[in-house]
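**Student:** The following block contains the structure, expressed as structure tokens.
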Amino acid sequence: MKILSIRDEANSVVFEVSLDKKVQNEILDREILNAAKNLKVPGYRPGKMPFDVAKKSVDIRKCFDKAVLKIKDRAEDWIVEQKEFLDQIEKIYDFGVCDFQINKKYENKQLFVDDFVFDFHFPTYQKFSIKDIKDFDISGLNKTVTDKLLNDEINKFLEQNKNLVPVERKSKLNDMLTIDFKGFMNDKLFDGGTASNYELLLGSKKFVDNFEEQLVDLKAGDKKTVNVTFPKDYHVKEMQNQKAKFEVLVKAVYEVEIPKLDDKFIKSLDNSEFKDVDSFKKYFKKLLQDNIDKNLNEQILQKVGAQLIEQVPSSYNYYPPSLIQSLSDSLIDNVILNSVGKLMPLDEFLKLANGNQKVDDNVKKNFVSQYMFYAINTIKIRMVAKLYVEKYKITLTDSELQDGLKEYNNKISEKLPKKEFEKEKLVIEKPLESTWLKRELLSTKLIEFIKDDILKRIK
């Protein structure tokens with residue numbers, strides 16, 4: 001193998017690599033022999049037949065396809081060890097996966113017959129404008145309980161302690177209804193569109209379109225056909241922008257009474273921690289402060305992550321499938337490892353999580369789709385994080401790098417058997433592993449940098 005050239009494209013750096021037909025055929029021959037190992041051919045023991053017989057007996061197309069993948073893996077493993085690759089590594093986003101195709105000049109040649117040149121596309125970091133850290137939105141974040149936060153949370157508490165008074169009049173907005181309903185699309189019941197004794201607050205906007213407004217002016221016992229259109233961004237793709245009708249039976253109408261915050265209400269709660277409005281507010285304020293102390297860090301991380309993601313231009317949509325798949329698999333492996341303490345096939349994990357009951361294909365599909373989405377967001381966060389690391393000149397000391405290496409290896413040693421740990425542990429002397437670790441540690445340091453700035457600004 002030989003790197004013939006390196007060229008920059010809009011979203012990747014491309015390595016043009018030559019591979020002669022001799023190496024190609026060595027790989028193909030191995031696949032043919034592997035495929036023939038368990039074949040039963042009259043006159044020969046399994047795995048002992050001559051190569052010419054094996055070649056005629058196997059599914060040669062499958063062997064070709066497997067050989068092409070082996071060529072990719074072998075060439076990719078070789079490329080990332082070359083000096084030419086290491087010279088480009090700072091601009092390459094992920095060196096664990098790449099897209100692979102035959103060089104256009106060789107499209108008319110025949111694989112395994114002719115010498116070939118392949119293009120290996122490694123995704124690169126992108127440049128775009130980012131906002132200043134001081135402009136990060138901090139709304140909704142508090143490190144102490146403000147008067148506004150206290151009053152808002154008390155109002156929510158009062159709402160939770162509302163009284164429902166049955167009435168015989170017609171319904172109006174802000175009433176609570178108990179209803180049965182069945183939903184139809186194209187005159188067929190759809191999944192999730194049926195419920196009995198459902199409590200719905202009119203005006204809460206829990207239901208799509210103007211569903212709730214159509215239930216105004218109805219009494220207990222009334223029936224109504226409600227027509228709606230699902231929004232174009234509805235979370236179930238097949239239902240987006242689709243018309244539906246619901247057959248609704250109103251079983252009860254309630255007027256909602258929100259209690260007044262006074263000593264009488266406080267005493268009705270029968271809690272020894274408070275006896276009047278003043279002591280209740282002090283108690284409630286302490287609960288809120290304890291909650292802030294416990295959850296503020298996670299709230300900041302979520303806020304920062306969302307704002308990093310939203311800075312990636314909508315025009316940027318280059319997310320190589322191989323990279324998304326690799327990241328998604330890694331995220332799923334982490335979930336499995338953290339949940340059961342060892343790696344296992346996804347089907348086995350989902351079955352275990354479902355009480356040892358097999359899950360249907362849709363459950364698996366939705367689970368994988370969720371982590372594909374997380375993978376794309378991971379790419380976005382890392383893209384933007386690198387720009388911030390450069391902008392604010394965030395660096396690592398040697399001791400921070402060594403501490404990070406030790407912490408990472410300690411974590412995986414606790415979760416993996418010794419043999420697996422020896423394969424998975426990071427070695428700082430290896431350029432690829434060192435680069436990956438530095439990026440992870442710099443991203444962590446960046447998040448702490450942003451978090452410290454936010455903590456200075458919130459009340």
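By convention here, the chains of the structure tokens are called A, B, ... in the order presented, each chain's residues are numbered starting at 1, and ligands are numbered starting at 1 in the order presented.
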At a cut-off of 7 Å, using only C-alpha atoms, what residues contact Asp222 (chain A)? Leave out same-chain residues fewer than 3 positions from it and give the result as a PDB file with all heavy atoms, in the first residue's frame.

**Tutor:**
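Listed below is the output, out35.pdb:
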ATOM      1  N   LEU A 218     -69.936  21.654  26.619  1.00  0.00           N
ATOM      2  CA  LEU A 218     -70.487  20.301  26.699  1.00  0.00           C
ATOM      3  C   LEU A 218     -70.768  19.950  28.151  1.00  0.00           C
ATOM      4  O   LEU A 218     -70.078  20.416  29.055  1.00  0.00           O
ATOM      5  CB  LEU A 218     -69.500  19.283  26.117  1.00  0.00           C
ATOM      6  CG  LEU A 218     -69.121  19.443  24.635  1.00  0.00           C
ATOM      7  CD1 LEU A 218     -68.116  18.374  24.237  1.00  0.00           C
ATOM      8  CD2 LEU A 218     -70.356  19.372  23.747  1.00  0.00           C
ATOM      9  N   LYS A 219     -71.787  19.105  28.361  1.00  0.00           N
ATOM     10  CA  LYS A 219     -72.137  18.657  29.714  1.00  0.00           C
ATOM     11  C   LYS A 219     -71.823  17.175  29.853  1.00  0.00           C
ATOM     12  O   LYS A 219     -71.576  16.485  28.859  1.00  0.00           O
ATOM     13  CB  LYS A 219     -73.632  18.905  29.969  1.00  0.00           C
ATOM     14  CG  LYS A 219     -74.020  20.375  29.901  1.00  0.00           C
ATOM     15  CD  LYS A 219     -75.523  20.566  29.934  1.00  0.00           C
ATOM     16  CE  LYS A 219     -76.091  20.292  31.313  1.00  0.00           C
ATOM     17  NZ  LYS A 219     -77.542  20.650  31.391  1.00  0.00           N
ATOM     18  N   LEU A 249     -66.552  11.046  24.526  1.00  0.00           N
ATOM     19  CA  LEU A 249     -67.669  11.023  25.464  1.00  0.00           C
ATOM     20  C   LEU A 249     -67.245  11.775  26.717  1.00  0.00           C
ATOM     21  O   LEU A 249     -66.244  11.429  27.346  1.00  0.00           O
ATOM     22  CB  LEU A 249     -68.042   9.582  25.832  1.00  0.00           C
ATOM     23  CG  LEU A 249     -69.003   9.424  27.033  1.00  0.00           C
ATOM     24  CD1 LEU A 249     -70.380  10.038  26.722  1.00  0.00           C
ATOM     25  CD2 LEU A 249     -69.142   7.951  27.434  1.00  0.00           C
ATOM     26  N   VAL A 250     -68.018  12.830  27.084  1.00  0.00           N
ATOM     27  CA  VAL A 250     -67.744  13.576  28.312  1.00  0.00           C
ATOM     28  C   VAL A 250     -68.435  12.859  29.470  1.00  0.00           C
ATOM     29  O   VAL A 250     -69.658  12.719  29.478  1.00  0.00           O
ATOM     30  CB  VAL A 250     -68.253  15.031  28.202  1.00  0.00           C
ATOM     31  CG1 VAL A 250     -68.004  15.773  29.529  1.00  0.00           C
ATOM     32  CG2 VAL A 250     -67.571  15.745  27.052  1.00  0.00           C
TER      33      VAL A 250
END

**Student:** I need the residues in region 187-297 of chain A that are alpha helix (DSSP H) according to DSSP; give them as a list in words.

**Tutor:** Asp263, Lys264, Phe265, Ile266, Lys267, Ser268, Val277, Asp278, Ser279, Phe280, Lys281, Lys282, Tyr283, Phe284, Lys285, Lys286, Leu287, Leu288, Gln289, Asp290, Asn291, Ile292, Asp293, Lys294, Asn295, Leu296 and Asn297 of chain A

**Student:** Select, from A:Val256, A:Leu287, A:Val14, A:Ile60, the residue with the minimum atom-to-atom distance to Ala36 (chain A), counting only C-alpha atoms.

**Tutor:**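 Nearest candidate to Ala36 (chain A) out of A:Val256, A:Leu287, A:Val14, A:Ile60: A:Ile60.
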
**Student:** Can you work out which one of A:Glu9, A:Glu31, A:Asp99, A:Asp20 has the shortest atom-to-atom distance to Tyr125 (chain A), counting only C-alpha atoms?

**Tutor:**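 Closest to Tyr125 (chain A) of all the choices is A:Glu9.
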
**Student:** Show me, as number ranges by chain, the residues that have an atom within 12 Å of Glu84 (chain A) when counting only C-alpha atoms, minus same-chain residues fewer than 4 positions from it.

**Tutor:** A: 2-7, 13-17, 78-80, 88-89

**Student:** Store the residues picked out above, limited to N, CA and C atoms, as an mmCIF file, in the first residue's frame.

**Tutor:**
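The resulting file, part_31.cif, is shown below:
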data_model
loop_
_atom_site.group_PDB
_atom_site.id
_atom_site.type_symbol
_atom_site.label_atom_id
_atom_site.label_comp_id
_atom_site.auth_asym_id
_atom_site.auth_seq_id
_atom_site.Cartn_x
_atom_site.Cartn_y
_atom_site.Cartn_z
ATOM 1 N N LYS A 2 0.312 2.305 -0.589
ATOM 2 C CA LYS A 2 1.061 3.552 -0.663
ATOM 3 C C LYS A 2 0.090 4.719 -0.730
ATOM 4 N N ILE A 3 0.375 5.785 0.039
ATOM 5 C CA ILE A 3 -0.427 7.008 -0.052
ATOM 6 C C ILE A 3 0.096 7.806 -1.241
ATOM 7 N N LEU A 4 -0.764 7.961 -2.248
ATOM 8 C CA LEU A 4 -0.354 8.665 -3.469
ATOM 9 C C LEU A 4 -0.522 10.170 -3.340
ATOM 10 N N SER A 5 -1.602 10.593 -2.656
ATOM 11 C CA SER A 5 -1.841 12.030 -2.502
ATOM 12 C C SER A 5 -2.790 12.265 -1.340
ATOM 13 N N ILE A 6 -2.812 13.514 -0.880
ATOM 14 C CA ILE A 6 -3.740 13.943 0.174
ATOM 15 C C ILE A 6 -4.380 15.229 -0.313
ATOM 16 N N ARG A 7 -5.695 15.295 -0.243
ATOM 17 C CA ARG A 7 -6.365 16.510 -0.696
ATOM 18 C C ARG A 7 -7.468 16.900 0.282
ATOM 19 N N VAL A 13 -10.767 15.306 4.699
ATOM 20 C CA VAL A 13 -9.449 15.206 4.070
ATOM 21 C C VAL A 13 -9.387 13.813 3.454
ATOM 22 N N VAL A 14 -8.948 13.762 2.191
ATOM 23 C CA VAL A 14 -9.022 12.516 1.425
ATOM 24 C C VAL A 14 -7.620 11.973 1.173
ATOM 25 N N PHE A 15 -7.430 10.708 1.555
ATOM 26 C CA PHE A 15 -6.172 10.019 1.307
ATOM 27 C C PHE A 15 -6.370 9.080 0.118
ATOM 28 N N GLU A 16 -5.570 9.293 -0.917
ATOM 29 C CA GLU A 16 -5.611 8.450 -2.109
ATOM 30 C C GLU A 16 -4.592 7.338 -1.914
ATOM 31 N N VAL A 17 -5.077 6.100 -1.829
ATOM 32 C CA VAL A 17 -4.208 4.977 -1.459
ATOM 33 C C VAL A 17 -4.235 3.906 -2.545
ATOM 34 N N TRP A 78 -3.847 0.781 8.373
ATOM 35 C CA TRP A 78 -2.507 1.124 7.892
ATOM 36 C C TRP A 78 -2.346 2.640 7.764
ATOM 37 N N ILE A 79 -3.370 3.311 7.213
ATOM 38 C CA ILE A 79 -3.295 4.762 6.972
ATOM 39 C C ILE A 79 -3.032 5.515 8.270
ATOM 40 N N VAL A 80 -3.795 5.184 9.334
ATOM 41 C CA VAL A 80 -3.726 5.982 10.563
ATOM 42 C C VAL A 80 -2.382 5.829 11.288
ATOM 43 N N GLN A 88 -1.736 15.307 9.578
ATOM 44 C CA GLN A 88 -3.053 15.905 9.316
ATOM 45 C C GLN A 88 -4.006 15.774 10.512
ATOM 46 N N ILE A 89 -3.551 15.129 11.580
ATOM 47 C CA ILE A 89 -4.474 14.655 12.611
ATOM 48 C C ILE A 89 -5.235 15.770 13.327
#

**Student:** For Lys245 (chain A), find every residue with an atom within 6 Å (counting only C-alpha atoms), except residues of its own chain fewer than 2 positions away, and show them as a list in words.

**Tutor:** Gly183, Phe184, Val226 and Asn227 of chain A

**Student:** With N, CA and C atoms retained, export the selected residues as a PDB file, in the first residue's frame.

**Tutor:**
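Written out: part09.pdb:
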ATOM      1  N   GLY A 183     -59.451   7.630  18.678  1.00  0.00           N
ATOM      2  CA  GLY A 183     -58.931   8.415  17.564  1.00  0.00           C
ATOM      3  C   GLY A 183     -58.862   7.604  16.277  1.00  0.00           C
ATOM      4  N   PHE A 184     -59.253   8.242  15.179  1.00  0.00           N
ATOM      5  CA  PHE A 184     -59.261   7.565  13.882  1.00  0.00           C
ATOM      6  C   PHE A 184     -58.492   8.387  12.849  1.00  0.00           C
ATOM      7  N   VAL A 226     -64.536  15.286  17.346  1.00  0.00           N
ATOM      8  CA  VAL A 226     -63.532  16.353  17.304  1.00  0.00           C
ATOM      9  C   VAL A 226     -62.601  16.101  16.114  1.00  0.00           C
ATOM     10  N   ASN A 227     -62.450  17.096  15.263  1.00  0.00           N
ATOM     11  CA  ASN A 227     -61.576  16.998  14.096  1.00  0.00           C
ATOM     12  C   ASN A 227     -60.323  17.836  14.305  1.00  0.00           C
TER      13      ASN A 227
END

**Student:** Report as a tab-separated table: every residue of region 360-427 of chain A with an atom at most 10 Å from region 132-155 of chain A, its closest pair of atoms, and their distance in Å to one decimal, counting only C-alpha atoms, with rows sorted by chain and ascending residue number.

**Tutor:**
residue	atom	partner	partner_atom	distance
A:Tyr388	CA	A:Ile133	CA	8.7
A:Lys391	CA	A:Asp132	CA	9.4
A:Tyr392	CA	A:Ile133	CA	9.5

**Student:** List the spatial neighbours of Glu310 (chain A) as a PyMOL selection string - criterion: any atom at most 10 Å away, only C-alpha atoms, same-chain residues fewer than 2 positions off excluded.

**Tutor:** chain A and resi 305-308+312-314+377+380-381+384

**Student:** If you keep N, CA and C atoms, can you produce a file of those selected residues as a CSV table (one decimal), in the first residue's frame?

**Tutor:**
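Output contents, as saved in result.csv:
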chain,number,residue,atom,x,y,z
A,305,GLY,N,-24.8,22.4,26.8
A,305,GLY,CA,-24.9,21.5,25.7
A,305,GLY,C,-25.8,21.9,24.6
A,306,ALA,N,-27.0,22.4,25.0
A,306,ALA,CA,-28.1,22.8,24.0
A,306,ALA,C,-27.6,24.0,23.2
A,307,GLN,N,-26.8,24.9,23.9
A,307,GLN,CA,-26.4,26.1,23.2
A,307,GLN,C,-25.2,25.9,22.4
A,308,LEU,N,-24.4,24.9,22.7
A,308,LEU,CA,-23.3,24.5,21.8
A,308,LEU,C,-23.9,23.9,20.5
A,312,VAL,N,-24.2,25.2,15.6
A,312,VAL,CA,-23.8,24.6,14.3
A,312,VAL,C,-24.7,25.1,13.2
A,313,PRO,N,-24.2,25.7,12.1
A,313,PRO,CA,-25.1,26.2,11.1
A,313,PRO,C,-26.0,25.1,10.5
A,314,SER,N,-27.3,25.5,10.3
A,314,SER,CA,-28.2,24.6,9.7
A,314,SER,C,-27.8,24.1,8.3
A,377,ASN,N,-25.8,14.9,17.7
A,377,ASN,CA,-25.6,16.0,18.7
A,377,ASN,C,-24.2,15.9,19.3
A,380,LYS,N,-21.9,17.5,16.9
A,380,LYS,CA,-22.1,19.0,16.9
A,380,LYS,C,-21.3,19.6,18.1
A,381,ILE,N,-21.5,19.0,19.3
A,381,ILE,CA,-20.9,19.5,20.5
A,381,ILE,C,-19.4,19.5,20.3
A,384,VAL,N,-18.1,22.3,17.9
A,384,VAL,CA,-18.2,23.7,18.5
A,384,VAL,C,-17.2,23.8,19.6

**Student:** For Pro123 (chain A), which of A:Lys267, A:Arg457, A:Lys91, A:Lys105 is the closest residue, counting only C-alpha atoms?

**Tutor:**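 Under the stated criterion, the closest residue is A:Lys91.
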
**Student:** Tell me, as a list of chain:residue names, which residues lie within 12 Å of Val216 (chain A), counting only C-alpha atoms; anything in the same chain fewer than 4 positions away does not count.

**Tutor:**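 Within the cut-off, the hits are A:Arg169, A:Lys170, A:Ser171, A:Lys172, A:Leu173, A:Asn174, A:Asp175, A:Met176, A:Leu177, A:Leu200, A:Leu201, A:Leu202, A:Gly203, A:Asn210, A:Phe211, A:Glu212, A:Ala220, A:Asp222, A:Lys223, A:Lys224, A:Val226, A:Val250, A:Val253.
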
**Student:** What is the distance, in Å and to one decimal place, between CA of Asp73 (chain A) and CA of Ser413 (chain A)?

**Tutor:** 27.3 Å

**Student:** For CA of Asp180 (chain A) and CA of Lys237 (chain A), quote the distance in Å rounded to one decimal.

**Tutor:**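 CA of Lys237 (chain A) lies at a distance of 25.3 Å from CA of Asp180 (chain A).
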
**Student:** As a PyMOL selection string, please: every residue in region 144-245 of chain A that a backbone DSSP assignment puts in strand (DSSP E).

**Tutor:** chain A and resi 163-166+176-185+188-201+223-229+243-245

**Student:** Rounded to one decimal in Å, what is the spacing between CA of Gly221 (chain A) and CA of Gln242 (chain A)?

**Tutor:**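 Atom-to-atom, CA of Gly221 (chain A) to CA of Gln242 (chain A), that is 28.9 Å.
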
**Student:** If we count only C-alpha atoms and set the cut-off at 12 Å, which residues sit around Lys393 (chain A), ignoring sequence neighbours fewer than 3 positions away in its own chain? Please answer as number ranges by chain.

**Tutor:** A: 385-390, 396, 442, 445-446, 449

**Student:** Nearest to Gln370 (chain A) among A:Ile309, A:Leu261, A:Ile324, A:Tyr106, with distances taken over only C-alpha atoms: which residue is it?

**Tutor:** A:Ile324
